[in-house]
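Colleague: I am sharing start_7.cif, which consists of mmCIF, C-alpha atoms and all ligand atoms:
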data_coords
loop_
_atom_site.group_PDB
_atom_site.id
_atom_site.type_symbol
_atom_site.label_atom_id
_atom_site.label_comp_id
_atom_site.auth_asym_id
_atom_site.auth_seq_id
_atom_site.Cartn_x
_atom_site.Cartn_y
_atom_site.Cartn_z
ATOM 1 C CA MET A 517 0.086 -37.430 26.458
ATOM 2 C CA THR A 518 -1.893 -37.468 23.288
ATOM 3 C CA THR A 519 -2.516 -34.276 21.400
ATOM 4 C CA ALA A 520 -5.310 -32.502 23.200
ATOM 5 C CA ILE A 521 -5.258 -29.451 21.005
ATOM 6 C CA PRO A 522 -6.505 -30.171 17.501
ATOM 7 C CA SER A 523 -4.271 -28.725 14.827
ATOM 8 C CA PRO A 524 -6.050 -25.873 13.129
ATOM 9 C CA ASN A 525 -7.366 -26.691 9.700
ATOM 10 C CA LEU A 526 -6.306 -23.500 8.017
ATOM 11 C CA SER A 527 -7.963 -24.095 4.690
ATOM 12 C CA LEU A 528 -11.269 -24.835 6.379
ATOM 13 C CA ALA A 529 -10.970 -21.821 8.682
ATOM 14 C CA HIS A 530 -10.291 -19.637 5.685
ATOM 15 C CA SER A 531 -13.014 -21.099 3.530
ATOM 16 C CA LYS A 532 -15.620 -19.880 6.022
ATOM 17 C CA GLU A 533 -14.903 -16.325 4.965
ATOM 18 C CA PHE A 534 -15.585 -16.869 1.286
ATOM 19 C CA ILE A 535 -18.535 -14.800 0.255
ATOM 20 C CA LEU A 536 -18.650 -16.499 -3.130
ATOM 21 C CA SER A 537 -17.322 -19.864 -4.154
ATOM 22 C CA LEU A 538 -17.528 -21.735 -7.422
ATOM 23 C CA GLU A 539 -16.219 -25.295 -7.504
ATOM 24 C CA GLY A 540 -15.929 -27.647 -10.444
ATOM 25 C CA VAL A 541 -18.315 -25.548 -12.516
ATOM 26 C CA ASN A 542 -18.948 -26.513 -16.140
ATOM 27 C CA LYS A 543 -21.202 -24.943 -18.747
ATOM 28 C CA THR A 544 -21.596 -25.966 -22.359
ATOM 29 C CA PHE A 545 -23.506 -24.030 -25.029
ATOM 30 C CA ASP A 546 -24.402 -26.215 -28.026
ATOM 31 C CA GLY A 547 -21.359 -28.397 -27.485
ATOM 32 C CA PHE A 548 -19.045 -25.449 -26.832
ATOM 33 C CA GLN A 549 -17.483 -25.533 -23.385
ATOM 34 C CA ALA A 550 -17.706 -21.921 -22.191
ATOM 35 C CA ILE A 551 -16.883 -22.747 -18.535
ATOM 36 C CA SER A 552 -14.578 -25.634 -17.780
ATOM 37 C CA ASP A 553 -13.933 -27.080 -14.315
ATOM 38 C CA LEU A 554 -13.930 -23.582 -12.869
ATOM 39 C CA ASN A 555 -12.858 -23.014 -9.271
ATOM 40 C CA PHE A 556 -13.153 -19.452 -8.078
ATOM 41 C CA TYR A 557 -13.321 -17.974 -4.571
ATOM 42 C CA VAL A 558 -13.930 -14.440 -3.362
ATOM 43 C CA ASP A 559 -13.130 -13.356 0.201
ATOM 44 C CA ASP A 560 -15.570 -11.267 2.176
ATOM 45 C CA GLY A 561 -14.861 -7.586 1.491
ATOM 46 C CA GLU A 562 -12.245 -8.137 -1.185
ATOM 47 C CA LEU A 563 -11.892 -6.323 -4.497
ATOM 48 C CA ARG A 564 -11.022 -8.876 -7.192
ATOM 49 C CA VAL A 565 -10.158 -8.216 -10.794
ATOM 50 C CA ILE A 566 -10.843 -10.731 -13.567
ATOM 51 C CA ILE A 567 -9.031 -10.467 -16.864
ATOM 52 C CA GLY A 568 -8.925 -12.799 -19.849
ATOM 53 C CA PRO A 569 -9.223 -12.774 -23.636
ATOM 54 C CA ASN A 570 -12.560 -12.280 -25.368
ATOM 55 C CA GLY A 571 -14.686 -15.374 -25.078
ATOM 56 C CA ALA A 572 -12.790 -16.596 -21.984
ATOM 57 C CA GLY A 573 -16.088 -17.003 -20.127
ATOM 58 C CA LYS A 574 -15.878 -13.941 -17.880
ATOM 59 C CA SER A 575 -19.429 -12.703 -18.454
ATOM 60 C CA THR A 576 -20.746 -16.274 -18.418
ATOM 61 C CA MET A 577 -19.211 -16.681 -14.979
ATOM 62 C CA LEU A 578 -21.210 -13.652 -13.782
ATOM 63 C CA ASP A 579 -24.312 -15.086 -15.512
ATOM 64 C CA ILE A 580 -23.831 -18.267 -13.479
ATOM 65 C CA ILE A 581 -23.350 -16.417 -10.183
ATOM 66 C CA THR A 582 -26.442 -14.266 -10.764
ATOM 67 C CA GLY A 583 -28.686 -17.125 -11.880
ATOM 68 C CA ARG A 584 -29.045 -15.909 -15.453
ATOM 69 C CA THR A 585 -27.373 -19.099 -16.659
ATOM 70 C CA ARG A 586 -27.542 -22.493 -14.947
ATOM 71 C CA PRO A 587 -24.294 -24.442 -14.765
ATOM 72 C CA ASP A 588 -24.340 -28.024 -16.100
ATOM 73 C CA THR A 589 -22.355 -29.238 -13.095
ATOM 74 C CA GLY A 590 -20.559 -27.809 -10.086
ATOM 75 C CA LYS A 591 -21.206 -25.862 -6.915
ATOM 76 C CA VAL A 592 -21.975 -22.165 -6.749
ATOM 77 C CA GLU A 593 -22.346 -20.914 -3.196
ATOM 78 C CA PHE A 594 -22.915 -17.664 -1.354
ATOM 79 C CA LYS A 595 -21.189 -17.564 2.068
ATOM 80 C CA ARG A 596 -20.594 -21.294 1.788
ATOM 81 C CA ASP A 597 -24.129 -22.074 2.914
ATOM 82 C CA THR A 598 -26.473 -20.929 0.173
ATOM 83 C CA ASP A 599 -26.623 -22.941 -3.029
ATOM 84 C CA LEU A 600 -27.136 -20.331 -5.741
ATOM 85 C CA THR A 601 -27.884 -22.916 -8.422
ATOM 86 C CA ARG A 602 -31.274 -23.516 -6.776
ATOM 87 C CA LEU A 603 -32.310 -19.866 -6.802
ATOM 88 C CA ASN A 604 -33.598 -17.628 -9.586
ATOM 89 C CA GLU A 605 -32.153 -14.241 -10.590
ATOM 90 C CA TYR A 606 -34.542 -12.298 -8.385
ATOM 91 C CA GLN A 607 -33.840 -14.426 -5.303
ATOM 92 C CA ILE A 608 -30.082 -14.135 -5.855
ATOM 93 C CA ASN A 609 -30.385 -10.377 -6.162
ATOM 94 C CA ARG A 610 -32.398 -10.255 -2.928
ATOM 95 C CA LEU A 611 -29.581 -12.092 -1.138
ATOM 96 C CA GLY A 612 -27.426 -9.055 -1.824
ATOM 97 C CA ILE A 613 -25.681 -9.919 -5.079
ATOM 98 C CA GLY A 614 -25.880 -6.969 -7.462
ATOM 99 C CA ARG A 615 -24.643 -6.850 -11.023
ATOM 100 C CA LYS A 616 -23.733 -4.033 -13.313
ATOM 101 C CA PHE A 617 -23.840 -4.856 -16.993
ATOM 102 C CA GLN A 618 -21.487 -3.284 -19.488
ATOM 103 C CA THR A 619 -23.976 -0.843 -21.001
ATOM 104 C CA PRO A 620 -25.579 1.562 -18.552
ATOM 105 C CA SER A 621 -29.339 1.233 -18.208
ATOM 106 C CA VAL A 622 -30.674 4.269 -16.401
ATOM 107 C CA TYR A 623 -34.002 6.084 -16.720
ATOM 108 C CA ILE A 624 -32.847 8.986 -18.891
ATOM 109 C CA GLU A 625 -36.058 10.991 -18.391
ATOM 110 C CA HIS A 626 -35.727 10.886 -14.613
ATOM 111 C CA THR A 627 -33.279 12.832 -12.521
ATOM 112 C CA VAL A 628 -30.127 11.337 -11.094
ATOM 113 C CA PHE A 629 -31.696 11.539 -7.638
ATOM 114 C CA GLU A 630 -34.870 9.783 -8.790
ATOM 115 C CA ASN A 631 -32.885 7.046 -10.492
ATOM 116 C CA ILE A 632 -31.157 6.193 -7.239
ATOM 117 C CA TRP A 633 -34.382 6.545 -5.291
ATOM 118 C CA LEU A 634 -36.064 4.057 -7.620
ATOM 119 C CA SER A 635 -33.444 1.456 -6.836
ATOM 120 C CA LEU A 636 -33.611 1.751 -3.048
ATOM 121 C CA GLU A 637 -34.147 -1.486 -1.231
ATOM 122 C CA GLY A 638 -37.811 -2.331 -1.152
ATOM 123 C CA SER A 639 -38.834 0.208 -3.789
ATOM 124 C CA ARG A 640 -41.228 -1.319 -6.237
ATOM 125 C CA SER A 641 -42.797 0.496 -9.161
ATOM 126 C CA VAL A 642 -41.679 3.777 -10.694
ATOM 127 C CA TRP A 643 -45.064 5.392 -10.028
ATOM 128 C CA SER A 644 -45.550 4.287 -6.459
ATOM 129 C CA THR A 645 -42.027 5.394 -5.632
ATOM 130 C CA LEU A 646 -42.100 8.791 -7.301
ATOM 131 C CA PHE A 647 -45.518 9.661 -5.859
ATOM 132 C CA SER A 648 -44.699 8.549 -2.367
ATOM 133 C CA ARG A 649 -42.940 10.839 0.092
ATOM 134 C CA ILE A 650 -39.303 10.282 0.661
ATOM 135 C CA THR A 651 -38.443 9.737 4.310
ATOM 136 C CA PRO A 652 -35.585 11.722 5.901
ATOM 137 C CA ALA A 653 -33.674 8.474 6.384
ATOM 138 C CA GLN A 654 -34.079 7.613 2.701
ATOM 139 C CA ARG A 655 -32.979 11.094 1.663
ATOM 140 C CA GLU A 656 -29.881 10.841 3.826
ATOM 141 C CA ARG A 657 -29.041 7.455 2.378
ATOM 142 C CA LEU A 658 -29.548 8.674 -1.205
ATOM 143 C CA GLN A 659 -27.331 11.673 -0.570
ATOM 144 C CA ALA A 660 -24.620 9.412 0.832
ATOM 145 C CA VAL A 661 -24.797 7.270 -2.311
ATOM 146 C CA LEU A 662 -24.637 10.370 -4.542
ATOM 147 C CA THR A 663 -21.548 11.560 -2.672
ATOM 148 C CA THR A 664 -19.910 8.144 -2.964
ATOM 149 C CA VAL A 665 -20.359 8.041 -6.743
ATOM 150 C CA GLY A 666 -19.447 11.724 -7.145
ATOM 151 C CA LEU A 667 -22.790 12.884 -8.544
ATOM 152 C CA SER A 668 -24.049 15.199 -5.785
ATOM 153 C CA ASP A 669 -23.809 18.245 -8.053
ATOM 154 C CA GLN A 670 -25.795 16.478 -10.771
ATOM 155 C CA ALA A 671 -28.572 15.224 -8.460
ATOM 156 C CA GLU A 672 -31.294 17.258 -10.186
ATOM 157 C CA TRP A 673 -30.064 16.645 -13.745
ATOM 158 C CA LYS A 674 -32.037 14.358 -15.996
ATOM 159 C CA ALA A 675 -29.901 11.246 -16.317
ATOM 160 C CA GLY A 676 -29.888 11.674 -20.103
ATOM 161 C CA ARG A 677 -27.608 14.700 -19.685
ATOM 162 C CA LEU A 678 -24.860 12.701 -18.002
ATOM 163 C CA SER A 679 -21.682 11.691 -19.822
ATOM 164 C CA HIS A 680 -21.146 7.996 -20.505
ATOM 165 C CA GLY A 681 -18.832 7.754 -17.498
ATOM 166 C CA GLN A 682 -21.280 9.537 -15.216
ATOM 167 C CA LYS A 683 -24.054 7.165 -16.339
ATOM 168 C CA GLN A 684 -21.853 4.248 -15.319
ATOM 169 C CA TRP A 685 -21.333 5.812 -11.880
ATOM 170 C CA LEU A 686 -25.047 6.437 -11.575
ATOM 171 C CA GLU A 687 -25.664 2.785 -12.268
ATOM 172 C CA ILE A 688 -23.106 1.813 -9.646
ATOM 173 C CA GLY A 689 -24.977 4.206 -7.309
ATOM 174 C CA MET A 690 -28.240 2.456 -8.167
ATOM 175 C CA LEU A 691 -26.640 -0.821 -7.138
ATOM 176 C CA LEU A 692 -25.233 0.701 -3.953
ATOM 177 C CA ALA A 693 -28.683 1.999 -2.993
ATOM 178 C CA GLN A 694 -29.683 -1.652 -2.623
ATOM 179 C CA ASN A 695 -26.765 -2.090 -0.224
ATOM 180 C CA PRO A 696 -25.469 -5.273 -1.852
ATOM 181 C CA LYS A 697 -22.975 -7.561 -0.155
ATOM 182 C CA VAL A 698 -21.469 -8.477 -3.506
ATOM 183 C CA LEU A 699 -21.055 -6.160 -6.478
ATOM 184 C CA LEU A 700 -20.294 -7.701 -9.861
ATOM 185 C CA VAL A 701 -19.093 -5.128 -12.368
ATOM 186 C CA ASP A 702 -18.526 -6.030 -16.024
ATOM 187 C CA GLU A 703 -15.991 -3.798 -17.817
ATOM 188 C CA PRO A 704 -16.884 -0.515 -16.108
ATOM 189 C CA ALA A 705 -14.156 1.460 -17.876
ATOM 190 C CA ALA A 706 -15.215 0.502 -21.411
ATOM 191 C CA GLY A 707 -15.840 3.691 -23.398
ATOM 192 C CA MET A 708 -14.653 5.975 -20.590
ATOM 193 C CA THR A 709 -12.091 8.745 -20.890
ATOM 194 C CA ASP A 710 -8.801 8.248 -19.024
ATOM 195 C CA GLU A 711 -9.941 10.665 -16.347
ATOM 196 C CA GLU A 712 -13.265 8.881 -15.897
ATOM 197 C CA THR A 713 -11.466 5.539 -15.764
ATOM 198 C CA HIS A 714 -9.195 6.832 -13.024
ATOM 199 C CA LYS A 715 -12.161 8.129 -11.021
ATOM 200 C CA THR A 716 -13.862 4.756 -11.409
ATOM 201 C CA GLY A 717 -10.785 3.125 -9.900
ATOM 202 C CA GLU A 718 -10.962 5.497 -6.942
ATOM 203 C CA LEU A 719 -14.661 4.757 -6.537
ATOM 204 C CA LEU A 720 -14.069 0.998 -6.492
ATOM 205 C CA HIS A 721 -11.259 1.410 -3.965
ATOM 206 C CA SER A 722 -13.580 3.437 -1.730
ATOM 207 C CA LEU A 723 -16.111 0.576 -1.738
ATOM 208 C CA GLU A 724 -13.562 -2.064 -0.800
ATOM 209 C CA GLY A 725 -14.181 -3.639 2.599
ATOM 210 C CA LYS A 726 -17.794 -2.458 2.662
ATOM 211 C CA HIS A 727 -18.786 -4.722 -0.222
ATOM 212 C CA SER A 728 -17.115 -7.649 -1.931
ATOM 213 C CA ILE A 729 -16.434 -6.570 -5.492
ATOM 214 C CA VAL A 730 -15.633 -8.539 -8.623
ATOM 215 C CA VAL A 731 -14.548 -6.375 -11.547
ATOM 216 C CA ILE A 732 -14.037 -7.670 -15.059
ATOM 217 C CA GLU A 733 -11.637 -5.469 -16.950
ATOM 218 C CA HIS A 734 -9.598 -5.262 -20.136
ATOM 219 C CA ASP A 735 -7.713 -2.026 -19.621
ATOM 220 C CA MET A 736 -4.403 -2.998 -17.986
ATOM 221 C CA THR A 737 -3.691 0.577 -16.862
ATOM 222 C CA PHE A 738 -6.931 0.406 -14.935
ATOM 223 C CA VAL A 739 -6.126 -3.071 -13.588
ATOM 224 C CA ARG A 740 -2.779 -1.691 -12.410
ATOM 225 C CA GLN A 741 -4.521 1.228 -10.716
ATOM 226 C CA LEU A 742 -6.841 -1.202 -8.905
ATOM 227 C CA ALA A 743 -3.727 -3.166 -7.877
ATOM 228 C CA ARG A 744 -5.568 -6.041 -6.261
ATOM 229 C CA LYS A 745 -5.543 -9.800 -6.728
ATOM 230 C CA VAL A 746 -6.079 -10.646 -10.378
ATOM 231 C CA THR A 747 -7.653 -13.839 -11.720
ATOM 232 C CA VAL A 748 -6.870 -14.707 -15.329
ATOM 233 C CA LEU A 749 -9.603 -16.654 -17.041
ATOM 234 C CA HIS A 750 -8.875 -18.618 -20.200
ATOM 235 C CA GLN A 751 -11.190 -21.065 -21.966
ATOM 236 C CA GLY A 752 -13.552 -20.997 -19.009
ATOM 237 C CA HIS A 753 -10.871 -21.984 -16.502
ATOM 238 C CA VAL A 754 -8.577 -20.122 -14.097
ATOM 239 C CA LEU A 755 -5.170 -19.862 -15.786
ATOM 240 C CA CYS A 756 -3.502 -18.114 -12.852
ATOM 241 C CA GLU A 757 -4.115 -15.793 -9.920
ATOM 242 C CA GLY A 758 -1.853 -13.263 -8.260
ATOM 243 C CA SER A 759 -0.729 -9.653 -8.199
ATOM 244 C CA VAL A 760 -0.768 -7.611 -11.418
ATOM 245 C CA ASP A 761 2.994 -8.152 -11.793
ATOM 246 C CA GLU A 762 2.735 -11.858 -11.121
ATOM 247 C CA VAL A 763 0.083 -12.429 -13.760
ATOM 248 C CA GLN A 764 1.757 -10.160 -16.305
ATOM 249 C CA ASN A 765 5.004 -12.109 -15.936
ATOM 250 C CA ASN A 766 3.336 -15.523 -15.927
ATOM 251 C CA GLU A 767 4.495 -17.518 -18.954
ATOM 252 C CA ARG A 768 1.143 -19.126 -19.603
ATOM 253 C CA VAL A 769 -0.563 -15.740 -19.508
ATOM 254 C CA ILE A 770 1.994 -14.274 -21.901
ATOM 255 C CA GLU A 771 1.441 -17.243 -24.219
ATOM 256 C CA VAL A 772 -2.342 -16.808 -24.173
ATOM 257 C CA TYR A 773 -2.232 -13.070 -24.825
ATOM 258 C CA LEU A 774 0.855 -12.783 -27.024
ATOM 259 C CA GLY A 775 0.157 -16.065 -28.789
ATOM 260 C CA ARG A 776 -3.132 -14.549 -29.923
ATOM 261 C CA LYS A 777 -1.561 -11.246 -30.860
ATOM 262 C CA LYS A 778 1.008 -12.924 -33.111
ATOM 263 C CA LYS A 779 -1.709 -14.759 -35.004
ATOM 264 C CA ALA A 780 -3.777 -11.580 -35.467
HETATM 265 P P1 LIG B 1 -16.081 -13.071 -22.143
HETATM 266 O O1 LIG B 1 -17.027 -12.297 -21.289
HETATM 267 O O2 LIG B 1 -14.902 -13.597 -21.401
HETATM 268 O O3 LIG B 1 -15.650 -12.331 -23.367
HETATM 269 P P2 LIG B 1 -18.353 -14.805 -22.532
HETATM 270 O O4 LIG B 1 -18.594 -15.350 -21.190
HETATM 271 O O5 LIG B 1 -19.240 -13.707 -22.981
HETATM 272 O O6 LIG B 1 -16.827 -14.372 -22.669
HETATM 273 O O7 LIG B 1 -18.464 -15.957 -23.595
HETATM 274 C C1 LIG B 1 -17.782 -17.182 -23.501
HETATM 275 C C2 LIG B 1 -18.239 -18.055 -24.637
HETATM 276 O O8 LIG B 1 -19.536 -18.560 -24.361
HETATM 277 C C3 LIG B 1 -18.325 -17.340 -25.965
HETATM 278 O O9 LIG B 1 -17.863 -18.219 -26.964
HETATM 279 C C4 LIG B 1 -19.795 -17.056 -26.104
HETATM 280 O O10 LIG B 1 -20.179 -17.002 -27.457
HETATM 281 C C5 LIG B 1 -20.434 -18.245 -25.398
HETATM 282 N N1 LIG B 1 -21.726 -17.889 -24.798
HETATM 283 C C6 LIG B 1 -21.903 -17.100 -23.725
HETATM 284 N N2 LIG B 1 -23.206 -16.998 -23.394
HETATM 285 C C7 LIG B 1 -23.878 -17.767 -24.293
HETATM 286 C C8 LIG B 1 -25.265 -18.111 -24.492
HETATM 287 N N3 LIG B 1 -26.212 -17.635 -23.684
HETATM 288 N N4 LIG B 1 -25.558 -18.931 -25.529
HETATM 289 C C9 LIG B 1 -24.597 -19.415 -26.327
HETATM 290 N N5 LIG B 1 -23.291 -19.157 -26.195
HETATM 291 C C10 LIG B 1 -22.918 -18.348 -25.199
HETATM 292 MG MG MG B 2 -17.801 -10.334 -21.445
#
Can the structure from this file be put into structure tokens for me?

Modeller:
Amino acid sequence: MTTAIPSPNLSLAHSKEFILSLEGVNKTFDGFQAISDLNFYVDDGELRVIIGPNGAGKSTMLDIITGRTRPDTGKVEFKRDTDLTRLNEYQINRLGIGRKFQTPSVYIEHTVFENIWLSLEGSRSVWSTLFSRITPAQRERLQAVLTTVGLSDQAEWKAGRLSHGQKQWLEIGMLLAQNPKVLLVDEPAAGMTDEETHKTGELLHSLEGKHSIVVIEHDMTFVRQLARKVTVLHQGHVLCEGSVDEVQNNERVIEVYLGRKKKA
């Protein structure tokens, strides 16, 4: 009898779950290859950490995913069926891909509560939002976001009063208010105290599973706290992927980091 049951194609079965996939992506700026034959995949609901030396192309990779920068060649897909290279930044954001830049950008003259309210799905202008009535459902949702980011007690504070770390959490809350499927977070712990950094790690862990999260980070203590799959980017290409221990013991990674240190 011939084989009636087709053998499962595991790689194909798995690939269906990728929420983000980049394949063969290249990007050159004035002759400088910032992204080079980049292949990168994120599973639905996973928390992924990206590390790599300065200039490795980490932020450029996020620029490409979010439509801020167009790749020269390669595929960039959301859920394997939406070609992100054909969409603009706004359309990509509306698909549920939210990005947090390194420096917090919150409305310092508005309260913490208002800041999150302003970013709710469907909210448009500052004025129309602040002069409209908040619905009970919206209020409940905003309070849930405030609790998640640990700012319930500061809800009525003007955002300008918040510490640097708290502003970063507020901005993560503003992203969460839009209920994104994918959260891209560029160096959230930069400029934070150790305690704030630790709390940020706990916050990201609490979001895992509900959102797919890509975190770019330098601080290895923080990366260790996150303790998830790490992708090392070098010269716009994936150098290696694995657990924190695996990448820290990888010879090529050691060469890239230590090789640079020796020269410095
Ligand atoms: P990382 O975030 O890993 O430190 P970047 O992605 O910011 O690295 O930068 C990678 C390289 O690409 C750098 O050499 C940077 O100068 C260059 N680059 C990034 N964006 C642009 C741009 N819009 N125009 C020109 N060069 C850029
Ligand atoms: Mg960067």

Colleague: Counting all atoms listed in the file, which residues of range 679-751 of chain A fall within 7 Å of range 652-663 of chain A, and what is the closest atom pair for each with its distance in Å at one decimal, ordered by chain and rising number, as CSV?

Modeller:
residue,atom,partner,partner_atom,distance
A:Gly689,CA,A:Val661,CA,5.9
A:Leu692,CA,A:Val661,CA,6.8
A:Ala693,CA,A:Val661,CA,6.6

Colleague: Would you work out the distance separating CA of Arg564 in chain A from CA of Ala743 in chain A, expressed in Å to one decimal?

Modeller: 9.3 Å

Colleague: Determine the nearest neighbour of Arg610 in chain A from the options A:Val698, A:Val772, A:Leu749, A:Ala705, counting only C-alpha atoms.

Modeller: A:Val698

Colleague: Given the file above and the PyMOL selection byres (((not hetatm)) within 8 of (chain B and resi 2)), which residues are selected, and can you give them as a PyMOL selection string?

Modeller: chain A and resi 570-571+573-576+702-703+732

Colleague: What residues of the protein or nucleic acid chains come within 12 Å of ligand LIG 1 (chain B) when you use all atoms listed in the file? Reply as number ranges by chain.

Modeller: A: 542-552, 566-580, 584-587, 617-618, 701-703, 731-734, 748-754

Colleague: Kindly save the residues from that selection, with C-alpha atoms included, as a CSV table (one decimal), keeping the file's coordinate frame.

Modeller:
chain,number,residue,atom,x,y,z
A,542,ASN,CA,-18.9,-26.5,-16.1
A,543,LYS,CA,-21.2,-24.9,-18.7
A,544,THR,CA,-21.6,-26.0,-22.4
A,545,PHE,CA,-23.5,-24.0,-25.0
A,546,ASP,CA,-24.4,-26.2,-28.0
A,547,GLY,CA,-21.4,-28.4,-27.5
A,548,PHE,CA,-19.0,-25.4,-26.8
A,549,GLN,CA,-17.5,-25.5,-23.4
A,550,ALA,CA,-17.7,-21.9,-22.2
A,551,ILE,CA,-16.9,-22.7,-18.5
A,552,SER,CA,-14.6,-25.6,-17.8
A,566,ILE,CA,-10.8,-10.7,-13.6
A,567,ILE,CA,-9.0,-10.5,-16.9
A,568,GLY,CA,-8.9,-12.8,-19.8
A,569,PRO,CA,-9.2,-12.8,-23.6
A,570,ASN,CA,-12.6,-12.3,-25.4
A,571,GLY,CA,-14.7,-15.4,-25.1
A,572,ALA,CA,-12.8,-16.6,-22.0
A,573,GLY,CA,-16.1,-17.0,-20.1
A,574,LYS,CA,-15.9,-13.9,-17.9
A,575,SER,CA,-19.4,-12.7,-18.5
A,576,THR,CA,-20.7,-16.3,-18.4
A,577,MET,CA,-19.2,-16.7,-15.0
A,578,LEU,CA,-21.2,-13.7,-13.8
A,579,ASP,CA,-24.3,-15.1,-15.5
A,580,ILE,CA,-23.8,-18.3,-13.5
A,584,ARG,CA,-29.0,-15.9,-15.5
A,585,THR,CA,-27.4,-19.1,-16.7
A,586,ARG,CA,-27.5,-22.5,-14.9
A,587,PRO,CA,-24.3,-24.4,-14.8
A,617,PHE,CA,-23.8,-4.9,-17.0
A,618,GLN,CA,-21.5,-3.3,-19.5
A,701,VAL,CA,-19.1,-5.1,-12.4
A,702,ASP,CA,-18.5,-6.0,-16.0
A,703,GLU,CA,-16.0,-3.8,-17.8
A,731,VAL,CA,-14.5,-6.4,-11.5
A,732,ILE,CA,-14.0,-7.7,-15.1
A,733,GLU,CA,-11.6,-5.5,-17.0
A,734,HIS,CA,-9.6,-5.3,-20.1
A,748,VAL,CA,-6.9,-14.7,-15.3
A,749,LEU,CA,-9.6,-16.7,-17.0
A,750,HIS,CA,-8.9,-18.6,-20.2
A,751,GLN,CA,-11.2,-21.1,-22.0
A,752,GLY,CA,-13.6,-21.0,-19.0
A,753,HIS,CA,-10.9,-22.0,-16.5
A,754,VAL,CA,-8.6,-20.1,-14.1

Colleague: If we count all atoms listed in the file and set the cut-off at 8 Å, which residues sit around Val541 in chain A, ignoring sequence neighbours fewer than 6 positions away in its own chain? Please answer as a count of residues only.

Modeller: 11

Colleague: Evaluate the PyMOL selection byres (((chain A and resi 676) around 7) and not hetatm) against this structure - the residues, as a list in words, please.

Modeller: Ile624, Glu625, Lys674, Ala675, Arg677 and Leu678 of chain A

Colleague: Run the PyMOL selection byres (((chain A and resi 596) around 10) and not hetatm) mentally over the shown coordinates, then write out the matched residues as a PDB file with C-alpha atoms, in the frame of the given file, using the chain letters and numbers from the document.

Modeller:
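Listed below is the output, part37.pdb:
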ATOM      1  CA  SER A 531     -13.014 -21.099   3.530  1.00  0.00           C
ATOM      2  CA  LYS A 532     -15.620 -19.880   6.022  1.00  0.00           C
ATOM      3  CA  GLU A 533     -14.903 -16.325   4.965  1.00  0.00           C
ATOM      4  CA  PHE A 534     -15.585 -16.869   1.286  1.00  0.00           C
ATOM      5  CA  ILE A 535     -18.535 -14.800   0.255  1.00  0.00           C
ATOM      6  CA  LEU A 536     -18.650 -16.499  -3.130  1.00  0.00           C
ATOM      7  CA  SER A 537     -17.322 -19.864  -4.154  1.00  0.00           C
ATOM      8  CA  LEU A 538     -17.528 -21.735  -7.422  1.00  0.00           C
ATOM      9  CA  LYS A 591     -21.206 -25.862  -6.915  1.00  0.00           C
ATOM     10  CA  VAL A 592     -21.975 -22.165  -6.749  1.00  0.00           C
ATOM     11  CA  GLU A 593     -22.346 -20.914  -3.196  1.00  0.00           C
ATOM     12  CA  PHE A 594     -22.915 -17.664  -1.354  1.00  0.00           C
ATOM     13  CA  LYS A 595     -21.189 -17.564   2.068  1.00  0.00           C
ATOM     14  CA  ASP A 597     -24.129 -22.074   2.914  1.00  0.00           C
ATOM     15  CA  THR A 598     -26.473 -20.929   0.173  1.00  0.00           C
ATOM     16  CA  ASP A 599     -26.623 -22.941  -3.029  1.00  0.00           C
TER      17      ASP A 599
END

Colleague: Hey, which of A:Gln670, A:Asn609, A:Thr713, A:Thr747 ends up closest to Asn631 in chain A? Count only C-alpha atoms.

Modeller: A:Gln670

Colleague: What's the separation between CA of Glu771 in chain A and CA of Gly758 in chain A, in Å to one decimal place?

Modeller: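 One can read the CA of Glu771 in chain A to CA of Gly758 in chain A distance as 16.8 Å.
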
Colleague: Please determine, counting all atoms listed in the file, which residue among A:Val760, A:Leu691, A:Leu723, A:Ile632 has the shortest atom-to-atom distance to Met736 in chain A.

Modeller: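 Looking at the shortest contact to Met736 in chain A, the residue is A:Val760.
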
Colleague: Taking 3 positions as the minimum chain separation for residues in the same chain, which residues sit within 7 Å of range 724-730 of chain A when counting all atoms listed in the file? Answer as a PyMOL selection string.

Modeller: chain A and resi 560-565+696-701+720-721

Colleague: Could you check the closest approach to Ser679 in chain A for each of A:Val622, A:Met708, A:Leu719, A:Val665 and tell me which residue wins, using all atoms listed in the file?

Modeller: A:Met708

Colleague: Name all residues at most 8 Å from range 762-769 of chain A (count only C-alpha atoms; drop same-chain ones fewer than 5 positions away) and give them as JSON, numbers by chain.

Modeller: {"A": [746, 748, 755, 756, 757]}

Colleague: State, in Å with one decimal place, the distance from CA of Asp761 in chain A to CA of Glu539 in chain A.

Modeller: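 Separation between CA of Asp761 in chain A and CA of Glu539 in chain A: 26.1 Å.
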
Colleague: Calculate, to one decimal in Å, the centre and edge lengths of the box along x, y and z of the file that holds all listed atoms of range 622-636 of chain A with 3 Å of margin on each side, and present them as lines of an AutoDock Vina configuration file.

Modeller:
center_x = -33.1
center_y = 7.1
center_z = -11.0
size_x = 11.9
size_y = 17.4
size_z = 21.8

Colleague: Which is closer to Trp633 in chain A than all the others in A:Thr619, A:Ser722, A:Tyr773, A:Glu687, using all atoms listed in the file?

Modeller: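 For Trp633 in chain A, the nearest of the candidates is A:Glu687.
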
Colleague: Determine the nearest neighbour of Met690 in chain A from the options A:Leu603, A:Ile650, A:Val628, A:Ile613, counting only C-alpha atoms.

Modeller: A:Val628
